[in-house]
Amino acid sequence: MENIEHKIIPVNGLRMHVAELGKGPLVLFVHGFPELWYSWRHQMVFLAAHGYRAVAPDFRGYGDTTGAPLDNPSKPDRVKALVNLSVAFDPRNPEVNLVELFRGLYGDDHYICRFQEPGEIEAEFANIGVKEVVKNFLAFRTPGPFYFPKGKGFGYSAERAPWLTEEDLDYYVSKFEQTGFTGGVNYYRALGLNWELTAPWSGAQVKVPAKFIIGEFDLTYHVPGTKDYIHKGGFQKFVPLLQEVVVLEGAAHFINQERPDEINELIYAFLKQF
């Protein structure tokens, strides 16, 4: 960890913070919510030791990267292979965007729906406290939807996830105290806009070799229809070069931190083909 190099890179008007370790073929690590480059610390050290250049940015609006996003374009033509964790690629639904889809499934108290009104969830998080928010999200392992009823908060206080040290938790807390949560939740607020902008790519496929890994208790794995989609041919249709799906027994959503040794080996076994 102490050998990880940190850089600030000017790009598209942003100052993007990037953590980097090792030399060799580039492996780019992309985090989710409420996370940071730090979520990939275990994988960076492992892959750098196995001859790769491991790079993990703080996404726009997170950690030490400036700006709060409304869109998040990608460059698939520059990607040789993909390992996807926890959230399966789902083709664009031409009838409804993801926010309205989840509202129809779970109602207005679902966390994605609660994240939509600017300032509202930030105010609730401020009342709860940054440490409690981060701790409760990272500890969540219920195999079902995550609700955040208005004015009621989490409704519980979780113990720190056993795979997080107090030092790990303090690092996350320090960064979210620095930035707030707006940058992170704005990705969810952009779901409707992204749905509109990606209309020309309805039916698009992921056309690089891919591997998917998910935890048995991951909330996304238990969205109605998801297991059938992943295991009965739908996923393969849209990711035709999908080589393997791995379901980690007993694991939840943040599997790269909860089960780092297994994830390291699974990623490396896939990448060394290339």
# chains A, B, ... in the order shown; residues from 1 in each chain; ligands from 1

call {"tool": "residues_around", "arguments": {"residues": "region 52-63 of chain A", "least_positions_apart": "4", "cutoff": "6 Å", "atoms": "only C-alpha atoms", "output": "ChimeraX atom specification"}}
result
/A:17-29,36-37,44,47-48,67-68,175,183

call {"tool": "write_last_selection", "arguments": {"atoms": "N, CA and C atoms", "output": "PDB file, in the first residue's frame"}}
result
ATOM      1  N   HIS A  17      -7.989  12.512  -9.497  1.00  0.00           N
ATOM      2  CA  HIS A  17      -7.048  11.785  -8.654  1.00  0.00           C
ATOM      3  C   HIS A  17      -6.975  10.334  -9.104  1.00  0.00           C
ATOM      4  N   VAL A  18      -5.742   9.852  -9.314  1.00  0.00           N
ATOM      5  CA  VAL A  18      -5.507   8.486  -9.773  1.00  0.00           C
ATOM      6  C   VAL A  18      -4.470   7.834  -8.869  1.00  0.00           C
ATOM      7  N   ALA A  19      -4.761   6.627  -8.424  1.00  0.00           N
ATOM      8  CA  ALA A  19      -3.794   5.808  -7.689  1.00  0.00           C
ATOM      9  C   ALA A  19      -3.220   4.782  -8.655  1.00  0.00           C
ATOM     10  N   GLU A  20      -1.905   4.554  -8.575  1.00  0.00           N
ATOM     11  CA  GLU A  20      -1.244   3.709  -9.563  1.00  0.00           C
ATOM     12  C   GLU A  20      -0.130   2.892  -8.907  1.00  0.00           C
ATOM     13  N   LEU A  21      -0.010   1.639  -9.362  1.00  0.00           N
ATOM     14  CA  LEU A  21       1.028   0.770  -8.825  1.00  0.00           C
ATOM     15  C   LEU A  21       1.410  -0.266  -9.866  1.00  0.00           C
ATOM     16  N   GLY A  22       2.714  -0.492 -10.035  1.00  0.00           N
ATOM     17  CA  GLY A  22       3.197  -1.565 -10.886  1.00  0.00           C
ATOM     18  C   GLY A  22       3.482  -1.149 -12.311  1.00  0.00           C
ATOM     19  N   LYS A  23       4.069  -2.081 -13.062  1.00  0.00           N
ATOM     20  CA  LYS A  23       4.404  -1.869 -14.470  1.00  0.00           C
ATOM     21  C   LYS A  23       3.950  -3.083 -15.263  1.00  0.00           C
ATOM     22  N   GLY A  24       3.505  -2.823 -16.504  1.00  0.00           N
ATOM     23  CA  GLY A  24       3.035  -3.900 -17.354  1.00  0.00           C
ATOM     24  C   GLY A  24       1.730  -3.520 -18.018  1.00  0.00           C
ATOM     25  N   PRO A  25       0.962  -4.493 -18.513  1.00  0.00           N
ATOM     26  CA  PRO A  25      -0.338  -4.194 -19.118  1.00  0.00           C
ATOM     27  C   PRO A  25      -1.251  -3.471 -18.124  1.00  0.00           C
ATOM     28  N   LEU A  26      -1.977  -2.487 -18.628  1.00  0.00           N
ATOM     29  CA  LEU A  26      -2.829  -1.661 -17.771  1.00  0.00           C
ATOM     30  C   LEU A  26      -4.092  -2.408 -17.351  1.00  0.00           C
ATOM     31  N   VAL A  27      -4.386  -2.396 -16.055  1.00  0.00           N
ATOM     32  CA  VAL A  27      -5.666  -2.857 -15.526  1.00  0.00           C
ATOM     33  C   VAL A  27      -6.314  -1.670 -14.829  1.00  0.00           C
ATOM     34  N   LEU A  28      -7.462  -1.249 -15.341  1.00  0.00           N
ATOM     35  CA  LEU A  28      -8.177  -0.085 -14.806  1.00  0.00           C
ATOM     36  C   LEU A  28      -9.282  -0.557 -13.874  1.00  0.00           C
ATOM     37  N   PHE A  29      -9.284  -0.048 -12.642  1.00  0.00           N
ATOM     38  CA  PHE A  29     -10.266  -0.417 -11.630  1.00  0.00           C
ATOM     39  C   PHE A  29     -11.268   0.714 -11.449  1.00  0.00           C
ATOM     40  N   LEU A  36     -14.353   4.491  -3.251  1.00  0.00           N
ATOM     41  CA  LEU A  36     -13.247   5.316  -3.716  1.00  0.00           C
ATOM     42  C   LEU A  36     -12.255   4.397  -4.428  1.00  0.00           C
ATOM     43  N   TRP A  37     -11.168   4.974  -4.949  1.00  0.00           N
ATOM     44  CA  TRP A  37     -10.078   4.146  -5.484  1.00  0.00           C
ATOM     45  C   TRP A  37      -9.662   3.099  -4.458  1.00  0.00           C
ATOM     46  N   MET A  44      -5.020  -4.034  -6.380  1.00  0.00           N
ATOM     47  CA  MET A  44      -3.897  -3.281  -6.933  1.00  0.00           C
ATOM     48  C   MET A  44      -2.563  -3.878  -6.505  1.00  0.00           C
ATOM     49  N   LEU A  47      -2.129  -7.508  -8.230  1.00  0.00           N
ATOM     50  CA  LEU A  47      -1.862  -7.534  -9.665  1.00  0.00           C
ATOM     51  C   LEU A  47      -0.554  -6.832 -10.019  1.00  0.00           C
ATOM     52  N   ALA A  48      -0.199  -5.795  -9.281  1.00  0.00           N
ATOM     53  CA  ALA A  48       1.101  -5.156  -9.507  1.00  0.00           C
ATOM     54  C   ALA A  48       2.226  -6.155  -9.254  1.00  0.00           C
ATOM     55  N   GLY A  67     -15.476  17.963  -9.239  1.00  0.00           N
ATOM     56  CA  GLY A  67     -16.635  17.936 -10.122  1.00  0.00           C
ATOM     57  C   GLY A  67     -17.687  16.945  -9.706  1.00  0.00           C
ATOM     58  N   ALA A  68     -18.926  17.218 -10.087  1.00  0.00           N
ATOM     59  CA  ALA A  68     -20.057  16.333  -9.810  1.00  0.00           C
ATOM     60  C   ALA A  68     -20.725  15.995 -11.133  1.00  0.00           C
ATOM     61  N   LYS A 175     -12.754  11.131   3.435  1.00  0.00           N
ATOM     62  CA  LYS A 175     -12.961  11.612   2.067  1.00  0.00           C
ATOM     63  C   LYS A 175     -14.394  12.093   1.844  1.00  0.00           C
ATOM     64  N   GLY A 183     -21.630  14.304  -5.194  1.00  0.00           N
ATOM     65  CA  GLY A 183     -20.976  13.746  -6.367  1.00  0.00           C
ATOM     66  C   GLY A 183     -21.347  12.298  -6.596  1.00  0.00           C
TER      67      GLY A 183
END

call {"tool": "closest_atom_pairs", "arguments": {"of": "region 117-225 of chain A", "to": "region 86-92 of chain A", "cutoff": "8 Å", "atoms": "only C-alpha atoms", "output": "CSV"}}
result
residue,atom,partner,partner_atom,distance
A:Trp195,CA,A:Arg92,CA,7.3
A:Thr198,CA,A:Arg92,CA,7.9
A:Ala199,CA,A:Arg92,CA,7.8
A:Trp201,CA,A:Arg92,CA,7.9
A:Ser202,CA,A:Arg92,CA,5.5
A:Gly203,CA,A:Pro91,CA,6.2
A:Ala204,CA,A:Pro91,CA,7.1
A:Gln205,CA,A:Pro91,CA,7.8
A:Phe212,CA,A:Ala88,CA,7.1
A:Ile213,CA,A:Ser86,CA,6.2
A:Ile214,CA,A:Ser86,CA,4.5
A:Gly215,CA,A:Ser86,CA,6.7
A:Asp218,CA,A:Ser86,CA,7.0
A:Thr220,CA,A:Val87,CA,6.4
A:Tyr221,CA,A:Ser86,CA,7.8

call {"tool": "residues_around", "arguments": {"residues": "Asn84 (chain A)", "least_positions_apart": "3", "cutoff": "12 Å", "atoms": "only C-alpha atoms", "output": "PyMOL selection string"}}
result
chain A and resi 28-32+81+87-90+206+208-214+239+242-246+255-256+263+266-267+270

call {"tool": "write_last_selection", "arguments": {"atoms": "N, CA, C and O atoms", "output": "tab-separated table (two decimals), in the first residue's frame"}}
result
chain	number	residue	atom	x	y	z
A	28	LEU	N	-7.46	-1.25	-15.34
A	28	LEU	CA	-8.18	-0.09	-14.81
A	28	LEU	C	-9.28	-0.56	-13.87
A	28	LEU	O	-10.14	-1.36	-14.26
A	29	PHE	N	-9.28	-0.05	-12.64
A	29	PHE	CA	-10.27	-0.42	-11.63
A	29	PHE	C	-11.27	0.71	-11.45
A	29	PHE	O	-10.89	1.87	-11.23
A	30	VAL	N	-12.55	0.38	-11.51
A	30	VAL	CA	-13.63	1.37	-11.47
A	30	VAL	C	-14.52	1.09	-10.27
A	30	VAL	O	-15.10	0.01	-10.15
A	31	HIS	N	-14.62	2.06	-9.37
A	31	HIS	CA	-15.37	1.85	-8.13
A	31	HIS	C	-16.84	2.24	-8.26
A	31	HIS	O	-17.27	2.82	-9.26
A	32	GLY	N	-17.61	1.92	-7.21
A	32	GLY	CA	-19.02	2.28	-7.16
A	32	GLY	C	-19.33	3.17	-5.97
A	32	GLY	O	-18.46	3.92	-5.50
A	81	ALA	N	-10.40	-6.53	-22.47
A	81	ALA	CA	-11.16	-7.55	-21.74
A	81	ALA	C	-11.77	-6.91	-20.50
A	81	ALA	O	-11.30	-5.86	-20.05
A	87	VAL	N	-22.59	-6.10	-10.45
A	87	VAL	CA	-23.73	-5.59	-11.22
A	87	VAL	C	-23.59	-6.07	-12.66
A	87	VAL	O	-22.67	-5.65	-13.37
A	88	ALA	N	-24.47	-6.94	-13.08
A	88	ALA	CA	-24.40	-7.50	-14.44
A	88	ALA	C	-24.78	-6.45	-15.47
A	88	ALA	O	-25.64	-5.58	-15.22
A	89	PHE	N	-24.14	-6.52	-16.66
A	89	PHE	CA	-24.56	-5.66	-17.76
A	89	PHE	C	-26.00	-5.96	-18.12
A	89	PHE	O	-26.38	-7.11	-18.35
A	90	ASP	N	-26.81	-4.93	-18.17
A	90	ASP	CA	-28.22	-5.07	-18.48
A	90	ASP	C	-28.52	-4.20	-19.69
A	90	ASP	O	-28.21	-3.00	-19.69
A	206	VAL	N	-21.77	-5.99	-25.31
A	206	VAL	CA	-20.39	-5.89	-24.83
A	206	VAL	C	-19.58	-6.90	-25.64
A	206	VAL	O	-19.79	-8.10	-25.50
A	208	VAL	N	-16.23	-7.66	-25.89
A	208	VAL	CA	-14.89	-8.08	-25.50
A	208	VAL	C	-15.02	-9.29	-24.57
A	208	VAL	O	-16.07	-9.50	-23.96
A	209	PRO	N	-13.98	-10.11	-24.47
A	209	PRO	CA	-14.04	-11.23	-23.52
A	209	PRO	C	-14.34	-10.73	-22.11
A	209	PRO	O	-13.79	-9.71	-21.68
A	210	ALA	N	-15.22	-11.42	-21.41
A	210	ALA	CA	-15.70	-10.93	-20.12
A	210	ALA	C	-15.86	-12.06	-19.11
A	210	ALA	O	-16.08	-13.22	-19.47
A	211	LYS	N	-15.75	-11.67	-17.84
A	211	LYS	CA	-15.99	-12.57	-16.72
A	211	LYS	C	-16.83	-11.79	-15.71
A	211	LYS	O	-16.61	-10.60	-15.49
A	212	PHE	N	-17.81	-12.45	-15.12
A	212	PHE	CA	-18.69	-11.78	-14.15
A	212	PHE	C	-18.65	-12.52	-12.82
A	212	PHE	O	-18.75	-13.75	-12.78
A	213	ILE	N	-18.50	-11.74	-11.74
A	213	ILE	CA	-18.43	-12.31	-10.39
A	213	ILE	C	-19.43	-11.57	-9.51
A	213	ILE	O	-19.48	-10.33	-9.51
A	214	ILE	N	-20.22	-12.32	-8.75
A	214	ILE	CA	-21.24	-11.71	-7.89
A	214	ILE	C	-21.35	-12.51	-6.60
A	214	ILE	O	-21.07	-13.71	-6.57
A	239	VAL	N	-23.68	-10.23	-23.89
A	239	VAL	CA	-22.22	-10.29	-23.67
A	239	VAL	C	-21.75	-11.59	-24.32
A	239	VAL	O	-21.47	-12.58	-23.64
A	242	LEU	N	-18.80	-13.68	-23.08
A	242	LEU	CA	-18.78	-14.00	-21.66
A	242	LEU	C	-18.22	-15.40	-21.45
A	242	LEU	O	-18.75	-16.37	-21.98
A	243	GLN	N	-17.14	-15.50	-20.69
A	243	GLN	CA	-16.48	-16.79	-20.49
A	243	GLN	C	-16.96	-17.53	-19.25
A	243	GLN	O	-16.99	-18.76	-19.23
A	244	GLU	N	-17.31	-16.76	-18.21
A	244	GLU	CA	-17.62	-17.43	-16.94
A	244	GLU	C	-18.43	-16.51	-16.04
A	244	GLU	O	-18.22	-15.29	-16.03
A	245	VAL	N	-19.35	-17.10	-15.31
A	245	VAL	CA	-20.07	-16.42	-14.23
A	245	VAL	C	-19.73	-17.13	-12.93
A	245	VAL	O	-19.86	-18.36	-12.84
A	246	VAL	N	-19.26	-16.38	-11.94
A	246	VAL	CA	-18.89	-16.94	-10.65
A	246	VAL	C	-19.80	-16.34	-9.58
A	246	VAL	O	-19.89	-15.11	-9.46
A	255	ILE	N	-17.65	-7.38	-2.85
A	255	ILE	CA	-16.89	-8.63	-2.79
A	255	ILE	C	-15.39	-8.42	-2.95
A	255	ILE	O	-14.60	-9.23	-2.46
A	256	ASN	N	-14.97	-7.37	-3.63
A	256	ASN	CA	-13.54	-7.16	-3.80
A	256	ASN	C	-12.85	-6.80	-2.49
A	256	ASN	O	-11.64	-6.99	-2.33
A	263	ILE	N	-11.09	-12.91	-5.06
A	263	ILE	CA	-11.28	-12.01	-6.19
A	263	ILE	C	-9.96	-11.78	-6.92
A	263	ILE	O	-9.91	-11.78	-8.16
A	266	LEU	N	-9.31	-14.84	-9.07
A	266	LEU	CA	-10.27	-14.94	-10.17
A	266	LEU	C	-9.96	-13.93	-11.27
A	266	LEU	O	-10.05	-14.24	-12.47
A	267	ILE	N	-9.61	-12.70	-10.88
A	267	ILE	CA	-9.26	-11.68	-11.88
A	267	ILE	C	-7.98	-12.08	-12.61
A	267	ILE	O	-7.90	-12.03	-13.83
A	270	PHE	N	-8.21	-14.83	-15.21
A	270	PHE	CA	-8.84	-14.36	-16.45
A	270	PHE	C	-7.88	-13.48	-17.26
A	270	PHE	O	-7.68	-13.69	-18.45

call {"tool": "closest_atom_pairs", "arguments": {"of": "region 207-252 of chain A", "to": "region 131-143 of chain A", "cutoff": "7 Å", "atoms": "only C-alpha atoms", "output": "CSV"}}
result
residue,atom,partner,partner_atom,distance
A:Phe217,CA,A:Pro143,CA,4.6
A:Asp218,CA,A:Pro143,CA,5.7
A:Leu219,CA,A:Pro143,CA,4.8
A:His222,CA,A:Pro143,CA,6.1
A:Ala252,CA,A:Arg141,CA,5.2

call {"tool": "residues_around", "arguments": {"residues": "Leu169 (chain A)", "least_positions_apart": "2", "cutoff": "9 Å", "atoms": "only C-alpha atoms", "output": "PyMOL selection string"}}
result
chain A and resi 131+134-135+160+164-167+171-174

call {"tool": "closest_atom_pairs", "arguments": {"of": "region 156-261 of chain A", "to": "region 94-116 of chain A", "cutoff": "10 Å", "atoms": "only C-alpha atoms", "output": "tab-separated table"}}
result
residue	atom	partner	partner_atom	distance
A:Thr182	CA	A:Phe115	CA	9.5
A:Gly184	CA	A:Phe115	CA	9.8
A:Val185	CA	A:Phe115	CA	6.1
A:Asn186	CA	A:Phe115	CA	8.0
A:Tyr187	CA	A:Phe115	CA	9.4
A:Tyr188	CA	A:Ile112	CA	6.5
A:Arg189	CA	A:Gln116	CA	5.1
A:Ala190	CA	A:Gln116	CA	8.7
A:Leu191	CA	A:Leu98	CA	6.6
A:Gly192	CA	A:Asn97	CA	5.9
A:Leu193	CA	A:Asn97	CA	9.0
A:Asn194	CA	A:Asn97	CA	8.8
A:Trp195	CA	A:Asn97	CA	5.8
A:Glu196	CA	A:Asn97	CA	8.3
A:Thr198	CA	A:Pro94	CA	9.8
A:Ala199	CA	A:Pro94	CA	7.4
A:Ser202	CA	A:Pro94	CA	6.9
A:Gly203	CA	A:Pro94	CA	9.1
A:Val223	CA	A:Leu105	CA	8.8
A:Pro224	CA	A:Leu105	CA	8.4

call {"tool": "select_by_dssp", "arguments": {"residues": "region 35-79 of chain A", "states": "strand (DSSP E)", "output": "PyMOL selection string"}}
result
chain A and resi 53-57

call {"tool": "closest_residue", "arguments": {"among": "A:Gln257, A:Asp64, A:Tyr147, A:Phe238", "to": "Met16 (chain A)", "atoms": "only C-alpha atoms"}}
result
A:Asp64

call {"tool": "closest_residue", "arguments": {"among": "A:Glu117, A:Asp168, A:Glu159, A:Asp77", "to": "Glu35 (chain A)", "atoms": "only C-alpha atoms"}}
result
A:Asp168

call {"tool": "decode", "arguments": {"residues": "region 29-42 of chain A", "atoms": "all heavy atoms", "output": "JSON list (two decimals), in the first residue's frame"}}
result
[["chain", "number", "residue", "atom", "x", "y", "z"],
["A", 29, "PHE", "N", -9.28, -0.05, -12.64],
["A", 29, "PHE", "CA", -10.27, -0.42, -11.63],
["A", 29, "PHE", "C", -11.27, 0.71, -11.45],
["A", 29, "PHE", "O", -10.89, 1.87, -11.23],
["A", 29, "PHE", "CB", -9.57, -0.71, -10.30],
["A", 29, "PHE", "CG", -8.68, -1.91, -10.33],
["A", 29, "PHE", "CD1", -7.32, -1.80, -10.54],
["A", 29, "PHE", "CD2", -9.21, -3.18, -10.15],
["A", 29, "PHE", "CE1", -6.49, -2.91, -10.57],
["A", 29, "PHE", "CE2", -8.40, -4.30, -10.18],
["A", 29, "PHE", "CZ", -7.04, -4.17, -10.39],
["A", 30, "VAL", "N", -12.55, 0.38, -11.51],
["A", 30, "VAL", "CA", -13.63, 1.37, -11.47],
["A", 30, "VAL", "C", -14.52, 1.09, -10.27],
["A", 30, "VAL", "O", -15.10, 0.01, -10.15],
["A", 30, "VAL", "CB", -14.46, 1.29, -12.78],
["A", 30, "VAL", "CG1", -15.64, 2.25, -12.73],
["A", 30, "VAL", "CG2", -13.57, 1.61, -13.98],
["A", 31, "HIS", "N", -14.62, 2.06, -9.37],
["A", 31, "HIS", "CA", -15.37, 1.85, -8.13],
["A", 31, "HIS", "C", -16.84, 2.24, -8.26],
["A", 31, "HIS", "O", -17.27, 2.82, -9.26],
["A", 31, "HIS", "CB", -14.72, 2.63, -6.97],
["A", 31, "HIS", "CG", -14.85, 4.12, -7.07],
["A", 31, "HIS", "ND1", -16.01, 4.78, -6.75],
["A", 31, "HIS", "CD2", -13.97, 5.09, -7.46],
["A", 31, "HIS", "CE1", -15.85, 6.09, -6.91],
["A", 31, "HIS", "NE2", -14.61, 6.30, -7.35],
["A", 32, "GLY", "N", -17.61, 1.92, -7.21],
["A", 32, "GLY", "CA", -19.02, 2.28, -7.16],
["A", 32, "GLY", "C", -19.33, 3.17, -5.97],
["A", 32, "GLY", "O", -18.46, 3.92, -5.50],
["A", 33, "PHE", "N", -20.56, 3.10, -5.46],
["A", 33, "PHE", "CA", -21.03, 3.95, -4.36],
["A", 33, "PHE", "C", -21.27, 3.09, -3.12],
["A", 33, "PHE", "O", -21.82, 2.00, -3.23],
["A", 33, "PHE", "CB", -22.33, 4.64, -4.76],
["A", 33, "PHE", "CG", -22.93, 5.48, -3.67],
["A", 33, "PHE", "CD1", -22.56, 6.81, -3.51],
["A", 33, "PHE", "CD2", -23.86, 4.96, -2.78],
["A", 33, "PHE", "CE1", -23.10, 7.59, -2.50],
["A", 33, "PHE", "CE2", -24.41, 5.73, -1.76],
["A", 33, "PHE", "CZ", -24.03, 7.05, -1.63],
["A", 34, "PRO", "N", -20.91, 3.56, -1.92],
["A", 34, "PRO", "CA", -20.16, 4.79, -1.63],
["A", 34, "PRO", "C", -18.69, 4.43, -1.45],
["A", 34, "PRO", "O", -18.24, 4.15, -0.34],
["A", 34, "PRO", "CB", -20.78, 5.25, -0.32],
["A", 34, "PRO", "CG", -21.17, 3.96, 0.38],
["A", 34, "PRO", "CD", -21.41, 2.92, -0.70],
["A", 35, "GLU", "N", -17.94, 4.45, -2.52],
["A", 35, "GLU", "CA", -16.58, 3.94, -2.49],
["A", 35, "GLU", "C", -15.59, 4.95, -3.06],
["A", 35, "GLU", "O", -15.94, 6.09, -3.35],
["A", 35, "GLU", "CB", -16.50, 2.61, -3.25],
["A", 35, "GLU", "CG", -17.37, 1.51, -2.63],
["A", 35, "GLU", "CD", -17.22, 0.21, -3.37],
["A", 35, "GLU", "OE1", -17.95, -0.01, -4.36],
["A", 35, "GLU", "OE2", -16.36, -0.60, -2.97],
["A", 36, "LEU", "N", -14.35, 4.49, -3.25],
["A", 36, "LEU", "CA", -13.25, 5.32, -3.72],
["A", 36, "LEU", "C", -12.26, 4.40, -4.43],
["A", 36, "LEU", "O", -12.44, 3.18, -4.46],
["A", 36, "LEU", "CB", -12.55, 5.99, -2.52],
["A", 36, "LEU", "CG", -13.39, 6.88, -1.61],
["A", 36, "LEU", "CD1", -12.68, 7.08, -0.27],
["A", 36, "LEU", "CD2", -13.65, 8.23, -2.27],
["A", 37, "TRP", "N", -11.17, 4.97, -4.95],
["A", 37, "TRP", "CA", -10.08, 4.15, -5.48],
["A", 37, "TRP", "C", -9.66, 3.10, -4.46],
["A", 37, "TRP", "O", -9.29, 1.98, -4.81],
["A", 37, "TRP", "CB", -8.86, 5.01, -5.83],
["A", 37, "TRP", "CG", -8.09, 5.45, -4.61],
["A", 37, "TRP", "CD1", -8.25, 6.60, -3.88],
["A", 37, "TRP", "CD2", -7.06, 4.70, -3.93],
["A", 37, "TRP", "NE1", -7.40, 6.61, -2.80],
["A", 37, "TRP", "CE2", -6.65, 5.48, -2.81],
["A", 37, "TRP", "CE3", -6.45, 3.47, -4.15],
["A", 37, "TRP", "CZ2", -5.66, 5.04, -1.92],
["A", 37, "TRP", "CZ3", -5.46, 3.04, -3.26],
["A", 37, "TRP", "CH2", -5.07, 3.82, -2.16],
["A", 38, "TYR", "N", -9.77, 3.47, -3.18],
["A", 38, "TYR", "CA", -9.30, 2.66, -2.05],
["A", 38, "TYR", "C", -9.97, 1.29, -2.00],
["A", 38, "TYR", "O", -9.41, 0.33, -1.45],
["A", 38, "TYR", "CB", -9.58, 3.44, -0.77],
["A", 38, "TYR", "CG", -8.94, 2.90, 0.49],
["A", 38, "TYR", "CD1", -7.60, 3.16, 0.77],
["A", 38, "TYR", "CD2", -9.68, 2.18, 1.41],
["A", 38, "TYR", "CE1", -7.02, 2.69, 1.94],
["A", 38, "TYR", "CE2", -9.11, 1.71, 2.59],
["A", 38, "TYR", "CZ", -7.78, 1.97, 2.84],
["A", 38, "TYR", "OH", -7.20, 1.51, 4.00],
["A", 39, "SER", "N", -11.16, 1.19, -2.59],
["A", 39, "SER", "CA", -11.88, -0.08, -2.59],
["A", 39, "SER", "C", -11.10, -1.19, -3.30],
["A", 39, "SER", "O", -11.32, -2.37, -3.04],
["A", 39, "SER", "CB", -13.24, 0.09, -3.28],
["A", 39, "SER", "OG", -13.99, 1.11, -2.66],
["A", 40, "TRP", "N", -10.19, -0.79, -4.18],
["A", 40, "TRP", "CA", -9.42, -1.76, -4.96],
["A", 40, "TRP", "C", -8.02, -1.97, -4.41],
["A", 40, "TRP", "O", -7.17, -2.53, -5.11],
["A", 40, "TRP", "CB", -9.34, -1.28, -6.42],
["A", 40, "TRP", "CG", -10.66, -1.22, -7.09],
["A", 40, "TRP", "CD1", -11.38, -0.10, -7.39],
["A", 40, "TRP", "CD2", -11.43, -2.32, -7.57],
["A", 40, "TRP", "NE1", -12.55, -0.43, -8.02],
["A", 40, "TRP", "CE2", -12.61, -1.79, -8.15],
["A", 40, "TRP", "CE3", -11.24, -3.71, -7.57],
["A", 40, "TRP", "CZ2", -13.58, -2.61, -8.71],
["A", 40, "TRP", "CZ3", -12.22, -4.51, -8.14],
["A", 40, "TRP", "CH2", -13.37, -3.96, -8.70],
["A", 41, "ARG", "N", -7.76, -1.56, -3.20],
["A", 41, "ARG", "CA", -6.39, -1.62, -2.66],
["A", 41, "ARG", "C", -5.81, -3.03, -2.69],
["A", 41, "ARG", "O", -4.63, -3.21, -3.01],
["A", 41, "ARG", "CB", -6.37, -1.05, -1.23],
["A", 41, "ARG", "CG", -7.29, -1.78, -0.24],
["A", 41, "ARG", "CD", -7.56, -0.95, 1.01],
["A", 41, "ARG", "NE", -8.44, -1.65, 1.95],
["A", 41, "ARG", "CZ", -9.77, -1.68, 1.83],
["A", 41, "ARG", "NH1", -10.37, -1.10, 0.80],
["A", 41, "ARG", "NH2", -10.50, -2.31, 2.73],
["A", 42, "HIS", "N", -6.63, -4.02, -2.35],
["A", 42, "HIS", "CA", -6.14, -5.40, -2.32],
["A", 42, "HIS", "C", -5.76, -5.89, -3.73],
["A", 42, "HIS", "O", -4.73, -6.53, -3.93],
["A", 42, "HIS", "CB", -7.19, -6.34, -1.73],
["A", 42, "HIS", "CG", -7.68, -5.94, -0.38],
["A", 42, "HIS", "ND1", -6.87, -5.96, 0.74],
["A", 42, "HIS", "CD2", -8.91, -5.52, 0.05],
["A", 42, "HIS", "CE1", -7.57, -5.57, 1.79],
["A", 42, "HIS", "NE2", -8.80, -5.30, 1.40]]
